[in-house]
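Have a look at the structure below before the remarks.
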Amino acid sequence: MKLRILGILTGMALVAAALTAWILIRQDPTAAAPAPVAQIAWGRTTVDADGLAGRSGVRITQVAVTGGGGLLDLRFQVLDPNRANSLHDASTPPAVIDETSGLVVRDLLMSHAHTGKFTTGETYYLVFENPGNWIRRGSKVTVLLGQAQVEHVVVR
């Protein structure tokens with residue numbers, strides 16, 4: 001009986017030592033600290049379509065459900081490339097909010113987003129994942145682009 005207890009205690013000590021060694025090995029003192037994450041502003045100034053052009057330099061041309069309902073295609077035309085650069089700001093990422101449920105759709109398909117300079121008159125697109133096909137044709141959404149948001153956009 002004493003031998004059995006001694007075996008159990010020895011086994012527990014070995015497991016504890018192995019766990020401690022594993023934790024110490026995983027910690028890398030030379031690893032860089034994670035970069036600070038930009039504070040995201042989900043609530044932005046509400047504007048109409050003309051106000052979006054004045055504030056963010058773009059005009060929404062389409063919000064449509066695609067990909068069998070699993071994707072949300074947002075297209076916008078650049079009217080002022082200098083103002084449209086606010087779409088690149090990490091603190092104001094693009095998003096679409098379902099007005100019925102409050103669901104925020106912000107994950108871009110394959111993390112694709114435009115980089116670089118915008119061109120006047122060019123139409124660009126953002127394709128969001130639409131989890132659970134929640135947003136459907138006919139839904140009303142709020143579109144967040146740059147420094148502004150446009151409410152009651154009807155999804156095609």
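Simple scheme: letters A, B, ... for chains in structure tokens order, numbers from 1 for residues in each chain, numbers from 1 for ligands in the order shown.
Scanning region 38-113 of chain A with DSSP on the backbone, the alpha helix (DSSP H) assignments fall on A:Ala49, A:Asp50, A:Gly51, A:Leu52, A:Ala53, A:Gly54, A:Arg55, A:Ser56, A:Pro81, A:Asn82, A:Arg83, A:Ala84.
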**Message:** Residues near Glu151 (chain A), anyone? I mean within 10 Å using only C-alpha atoms, not counting same-chain ones fewer than 2 positions away, as a list in words.
**Reply:** Thr46, Val47, Asp48, Ala49, Val96, Ile97, Asp98, Glu99, Lys140, Val141, Thr142, Val143, Leu144, Gln149, Val153 and Val154 of chain A
Expected file: the selected residues, all heavy atoms, as a CSV table (one decimal), in the first residue's frame:
chain,number,residue,atom,x,y,z
A,46,THR,N,-24.0,60.1,-38.7
A,46,THR,CA,-25.0,59.6,-39.6
A,46,THR,C,-25.3,60.7,-40.7
A,46,THR,O,-25.5,61.9,-40.4
A,46,THR,CB,-26.3,59.3,-38.9
A,46,THR,OG1,-26.1,58.3,-37.9
A,46,THR,CG2,-27.4,58.8,-39.9
A,47,VAL,N,-25.2,60.3,-42.0
A,47,VAL,CA,-25.4,61.2,-43.1
A,47,VAL,C,-26.3,60.5,-44.1
A,47,VAL,O,-26.5,59.3,-44.1
A,47,VAL,CB,-24.0,61.6,-43.7
A,47,VAL,CG1,-23.1,62.3,-42.8
A,47,VAL,CG2,-23.3,60.3,-44.2
A,48,ASP,N,-26.8,61.3,-45.1
A,48,ASP,CA,-27.5,60.8,-46.2
A,48,ASP,C,-26.4,60.5,-47.3
A,48,ASP,O,-25.2,60.7,-47.1
A,48,ASP,CB,-28.6,61.7,-46.7
A,48,ASP,CG,-28.1,63.1,-47.1
A,48,ASP,OD1,-26.8,63.3,-47.3
A,48,ASP,OD2,-28.9,63.9,-47.4
A,49,ALA,N,-26.9,60.0,-48.4
A,49,ALA,CA,-26.0,59.7,-49.5
A,49,ALA,C,-25.1,60.8,-49.9
A,49,ALA,O,-23.9,60.7,-50.1
A,49,ALA,CB,-26.8,59.2,-50.7
A,96,VAL,N,-21.2,46.7,-42.2
A,96,VAL,CA,-22.6,46.8,-42.6
A,96,VAL,C,-23.4,46.3,-41.4
A,96,VAL,O,-23.1,45.2,-40.8
A,96,VAL,CB,-23.0,45.9,-43.8
A,96,VAL,CG1,-24.4,46.0,-44.1
A,96,VAL,CG2,-22.2,46.4,-45.0
A,97,ILE,N,-24.4,47.0,-40.9
A,97,ILE,CA,-25.2,46.6,-39.8
A,97,ILE,C,-26.6,46.4,-40.2
A,97,ILE,O,-27.3,47.2,-40.8
A,97,ILE,CB,-25.1,47.7,-38.7
A,97,ILE,CG1,-23.7,48.0,-38.3
A,97,ILE,CG2,-26.0,47.3,-37.5
A,97,ILE,CD1,-23.5,49.2,-37.4
A,98,ASP,N,-27.1,45.2,-39.9
A,98,ASP,CA,-28.5,44.8,-40.1
A,98,ASP,C,-29.4,45.6,-39.1
A,98,ASP,O,-29.2,45.5,-37.9
A,98,ASP,CB,-28.7,43.3,-39.9
A,98,ASP,CG,-30.2,42.9,-40.2
A,98,ASP,OD1,-30.6,43.1,-41.3
A,98,ASP,OD2,-30.8,42.5,-39.2
A,99,GLU,N,-30.3,46.4,-39.7
A,99,GLU,CA,-31.1,47.3,-38.8
A,99,GLU,C,-32.1,46.6,-38.0
A,99,GLU,O,-32.6,47.1,-37.0
A,99,GLU,CB,-31.7,48.4,-39.6
A,99,GLU,CG,-30.6,49.4,-40.2
A,99,GLU,CD,-31.2,50.5,-41.0
A,99,GLU,OE1,-32.4,50.7,-41.1
A,99,GLU,OE2,-30.3,51.3,-41.5
A,140,LYS,N,-32.9,46.2,-44.6
A,140,LYS,CA,-32.4,47.5,-44.5
A,140,LYS,C,-31.2,47.5,-43.6
A,140,LYS,O,-31.2,46.9,-42.5
A,140,LYS,CB,-33.4,48.5,-43.9
A,140,LYS,CG,-34.5,48.8,-44.9
A,140,LYS,CD,-35.4,49.9,-44.4
A,140,LYS,CE,-36.5,50.2,-45.4
A,140,LYS,NZ,-37.5,51.2,-44.9
A,141,VAL,N,-30.1,48.1,-44.1
A,141,VAL,CA,-28.8,48.1,-43.4
A,141,VAL,C,-28.3,49.5,-43.2
A,141,VAL,O,-28.7,50.4,-43.9
A,141,VAL,CB,-27.8,47.2,-44.1
A,141,VAL,CG1,-28.2,45.7,-44.2
A,141,VAL,CG2,-27.5,47.7,-45.5
A,142,THR,N,-27.4,49.6,-42.3
A,142,THR,CA,-26.6,50.8,-42.1
A,142,THR,C,-25.2,50.5,-42.6
A,142,THR,O,-24.6,49.5,-42.2
A,142,THR,CB,-26.5,51.3,-40.6
A,142,THR,OG1,-27.9,51.6,-40.2
A,142,THR,CG2,-25.7,52.5,-40.5
A,143,VAL,N,-24.7,51.3,-43.5
A,143,VAL,CA,-23.3,51.1,-44.1
A,143,VAL,C,-22.4,52.1,-43.5
A,143,VAL,O,-22.6,53.3,-43.4
A,143,VAL,CB,-23.4,51.3,-45.6
A,143,VAL,CG1,-22.0,51.2,-46.2
A,143,VAL,CG2,-24.3,50.3,-46.3
A,144,LEU,N,-21.3,51.6,-42.9
A,144,LEU,CA,-20.2,52.4,-42.3
A,144,LEU,C,-19.0,52.4,-43.3
A,144,LEU,O,-18.4,51.4,-43.6
A,144,LEU,CB,-19.8,51.8,-41.0
A,144,LEU,CG,-20.7,52.0,-39.8
A,144,LEU,CD1,-22.0,51.2,-39.9
A,144,LEU,CD2,-20.0,51.6,-38.5
A,149,GLN,N,-21.7,57.1,-41.7
A,149,GLN,CA,-22.6,56.0,-41.8
A,149,GLN,C,-23.9,56.4,-42.5
A,149,GLN,O,-24.3,57.5,-42.3
A,149,GLN,CB,-22.9,55.3,-40.5
A,149,GLN,CG,-23.7,56.1,-39.5
A,149,GLN,CD,-23.8,55.4,-38.2
A,149,GLN,OE1,-22.9,54.7,-37.8
A,149,GLN,NE2,-25.0,55.5,-37.6
A,153,VAL,N,-30.2,51.7,-46.0
A,153,VAL,CA,-29.8,51.2,-47.4
A,153,VAL,C,-30.5,49.9,-47.6
A,153,VAL,O,-30.4,49.0,-46.8
A,153,VAL,CB,-28.3,51.1,-47.5
A,153,VAL,CG1,-27.9,50.6,-48.9
A,153,VAL,CG2,-27.6,52.5,-47.2
A,154,VAL,N,-31.3,49.8,-48.7
A,154,VAL,CA,-32.0,48.5,-49.0
A,154,VAL,C,-31.0,47.6,-49.8
A,154,VAL,O,-30.4,48.0,-50.8
A,154,VAL,CB,-33.3,48.8,-49.8
A,154,VAL,CG1,-34.0,47.5,-50.2
A,154,VAL,CG2,-34.2,49.7,-49.0
**Request:** Please provide the set of residues having any atom within 6 Å of Phe128 (chain A), restricted to only C-alpha atoms, with same-chain residues fewer than 6 positions apart removed, written as a ChimeraX atom specification.
**Result:** /A:71-72,107-109
I need the chosen residues saved as a short mmCIF file (atom, residue, chain, number, x, y, z; two decimals), in the first residue's frame, with N, CA and C atoms.
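So again.cif came out as:
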data_model
loop_
_atom_site.label_atom_id
_atom_site.label_comp_id
_atom_site.auth_asym_id
_atom_site.auth_seq_id
_atom_site.Cartn_x
_atom_site.Cartn_y
_atom_site.Cartn_z
N LEU A 71 -22.60 35.87 -48.84
CA LEU A 71 -21.74 37.03 -49.01
C LEU A 71 -22.57 38.29 -49.17
N LEU A 72 -21.97 39.40 -48.81
CA LEU A 72 -22.60 40.71 -48.95
C LEU A 72 -21.63 41.59 -49.75
N ASP A 107 -16.44 41.20 -41.30
CA ASP A 107 -15.38 40.32 -41.75
C ASP A 107 -15.38 40.25 -43.28
N LEU A 108 -14.29 40.74 -43.86
CA LEU A 108 -14.17 40.73 -45.31
C LEU A 108 -13.76 39.34 -45.79
N LEU A 109 -14.31 38.94 -46.92
CA LEU A 109 -13.97 37.66 -47.51
C LEU A 109 -12.47 37.61 -47.77
#
**Prompt:** Looking at A:Thr92, A:Ser111, A:Thr100, A:Asn82, which one is nearest to Glu129 (chain A), with distances taken over only C-alpha atoms?
**Reply:** A:Ser111
**Message:** Excluding region 52-65 of chain A and its own-chain neighbours fewer than 6 positions away, which residues fall within 9 Å of it when counting only C-alpha atoms? Please give them as a VMD selection string.
**Reply:** chain A and resid 46 71 to 87 123 130 133 135 to 137 141 143 145 to 150 153 to 156
File dump, residues just selected, N, CA and C atoms, as a compact mmCIF listing (two decimals), in the first residue's frame:
# COMPACT_ATOMS: atom_id res chain seq x y z
N THR A 46 -24.01 60.09 -38.71
CA THR A 46 -25.02 59.63 -39.65
C THR A 46 -25.26 60.69 -40.69
N LEU A 71 -22.60 35.87 -48.84
CA LEU A 71 -21.74 37.03 -49.01
C LEU A 71 -22.57 38.29 -49.17
N LEU A 72 -21.97 39.40 -48.81
CA LEU A 72 -22.60 40.71 -48.95
C LEU A 72 -21.63 41.59 -49.75
N ASP A 73 -22.07 42.03 -50.92
CA ASP A 73 -21.24 42.78 -51.86
C ASP A 73 -21.57 44.27 -51.74
N LEU A 74 -20.60 45.04 -51.25
CA LEU A 74 -20.76 46.49 -51.12
C LEU A 74 -19.89 47.16 -52.17
N ARG A 75 -20.51 47.96 -53.02
CA ARG A 75 -19.76 48.68 -54.06
C ARG A 75 -19.93 50.17 -53.83
N PHE A 76 -18.82 50.88 -54.07
CA PHE A 76 -18.84 52.33 -53.91
C PHE A 76 -17.98 52.98 -54.97
N GLN A 77 -18.39 54.18 -55.36
CA GLN A 77 -17.64 54.94 -56.36
C GLN A 77 -16.92 56.07 -55.66
N VAL A 78 -15.67 56.27 -56.02
CA VAL A 78 -14.86 57.32 -55.41
C VAL A 78 -15.13 58.64 -56.12
N LEU A 79 -15.52 59.65 -55.34
CA LEU A 79 -15.75 60.99 -55.86
C LEU A 79 -14.60 61.93 -55.49
N ASP A 80 -14.01 61.72 -54.33
CA ASP A 80 -12.89 62.53 -53.85
C ASP A 80 -11.85 61.60 -53.24
N PRO A 81 -10.77 61.30 -53.98
CA PRO A 81 -9.77 60.35 -53.50
C PRO A 81 -9.13 60.75 -52.17
N ASN A 82 -8.96 62.03 -51.94
CA ASN A 82 -8.34 62.46 -50.67
C ASN A 82 -9.23 62.11 -49.48
N ARG A 83 -10.50 62.36 -49.58
CA ARG A 83 -11.42 62.01 -48.49
C ARG A 83 -11.64 60.50 -48.41
N ALA A 84 -11.60 59.83 -49.55
CA ALA A 84 -11.81 58.37 -49.57
C ALA A 84 -10.69 57.64 -48.84
N ASN A 85 -9.55 58.27 -48.66
CA ASN A 85 -8.45 57.63 -47.94
C ASN A 85 -8.83 57.30 -46.50
N SER A 86 -9.87 57.94 -45.98
CA SER A 86 -10.33 57.61 -44.62
C SER A 86 -10.83 56.16 -44.54
N LEU A 87 -11.13 55.55 -45.68
CA LEU A 87 -11.56 54.15 -45.69
C LEU A 87 -10.42 53.22 -45.31
N THR A 123 -15.04 52.56 -59.43
CA THR A 123 -15.90 51.84 -58.50
C THR A 123 -15.09 50.71 -57.86
N ASN A 130 -21.36 36.91 -44.81
CA ASN A 130 -22.71 37.11 -44.27
C ASN A 130 -23.06 35.88 -43.46
N ASN A 133 -26.33 33.65 -43.46
CA ASN A 133 -27.20 34.32 -44.45
C ASN A 133 -28.20 35.24 -43.76
N ILE A 135 -28.37 38.60 -43.38
CA ILE A 135 -28.87 39.74 -44.15
C ILE A 135 -29.36 39.20 -45.49
N ARG A 136 -30.58 39.58 -45.84
CA ARG A 136 -31.22 39.05 -47.05
C ARG A 136 -31.63 40.19 -47.97
N ARG A 137 -31.97 39.83 -49.19
CA ARG A 137 -32.49 40.84 -50.14
C ARG A 137 -33.71 41.51 -49.50
N VAL A 141 -30.09 48.11 -44.09
CA VAL A 141 -28.83 48.08 -43.38
C VAL A 141 -28.27 49.49 -43.22
N VAL A 143 -24.67 51.33 -43.51
CA VAL A 143 -23.35 51.11 -44.09
C VAL A 143 -22.37 52.10 -43.46
N LEU A 145 -18.73 53.60 -43.78
CA LEU A 145 -17.59 53.80 -44.67
C LEU A 145 -16.84 55.05 -44.23
N GLY A 146 -15.58 54.89 -43.91
CA GLY A 146 -14.76 56.03 -43.51
C GLY A 146 -15.31 56.69 -42.27
N GLN A 147 -15.50 57.98 -42.33
CA GLN A 147 -15.90 58.79 -41.18
C GLN A 147 -17.42 58.91 -41.02
N ALA A 148 -18.20 58.17 -41.80
CA ALA A 148 -19.65 58.36 -41.78
C ALA A 148 -20.39 57.04 -41.89
N GLN A 149 -21.70 57.13 -41.65
CA GLN A 149 -22.57 55.98 -41.85
C GLN A 149 -23.86 56.44 -42.51
N VAL A 150 -24.38 55.57 -43.38
CA VAL A 150 -25.63 55.84 -44.10
C VAL A 150 -26.62 54.78 -43.64
N VAL A 153 -30.22 51.66 -46.01
CA VAL A 153 -29.85 51.24 -47.36
C VAL A 153 -30.52 49.89 -47.59
N VAL A 154 -31.27 49.78 -48.69
CA VAL A 154 -31.98 48.54 -49.00
C VAL A 154 -31.04 47.60 -49.76
N VAL A 155 -30.97 46.37 -49.29
CA VAL A 155 -30.09 45.35 -49.88
C VAL A 155 -30.78 44.75 -51.09
N ARG A 156 -30.04 44.63 -52.18
CA ARG A 156 -30.58 43.99 -53.39
C ARG A 156 -30.30 42.50 -53.36
**Members of chain A assigned strand (DSSP E or B) by DSSP, as number ranges by chain** = A: 45-47, 58-66, 71-78, 95-98, 104-105, 108, 123-129, 140-145, 148-154
**Asked** What is the distance between CA of Ala113 (chain A) and CA of Asp89 (chain A), in Å to one decimal?
**Response** 11.7 Å
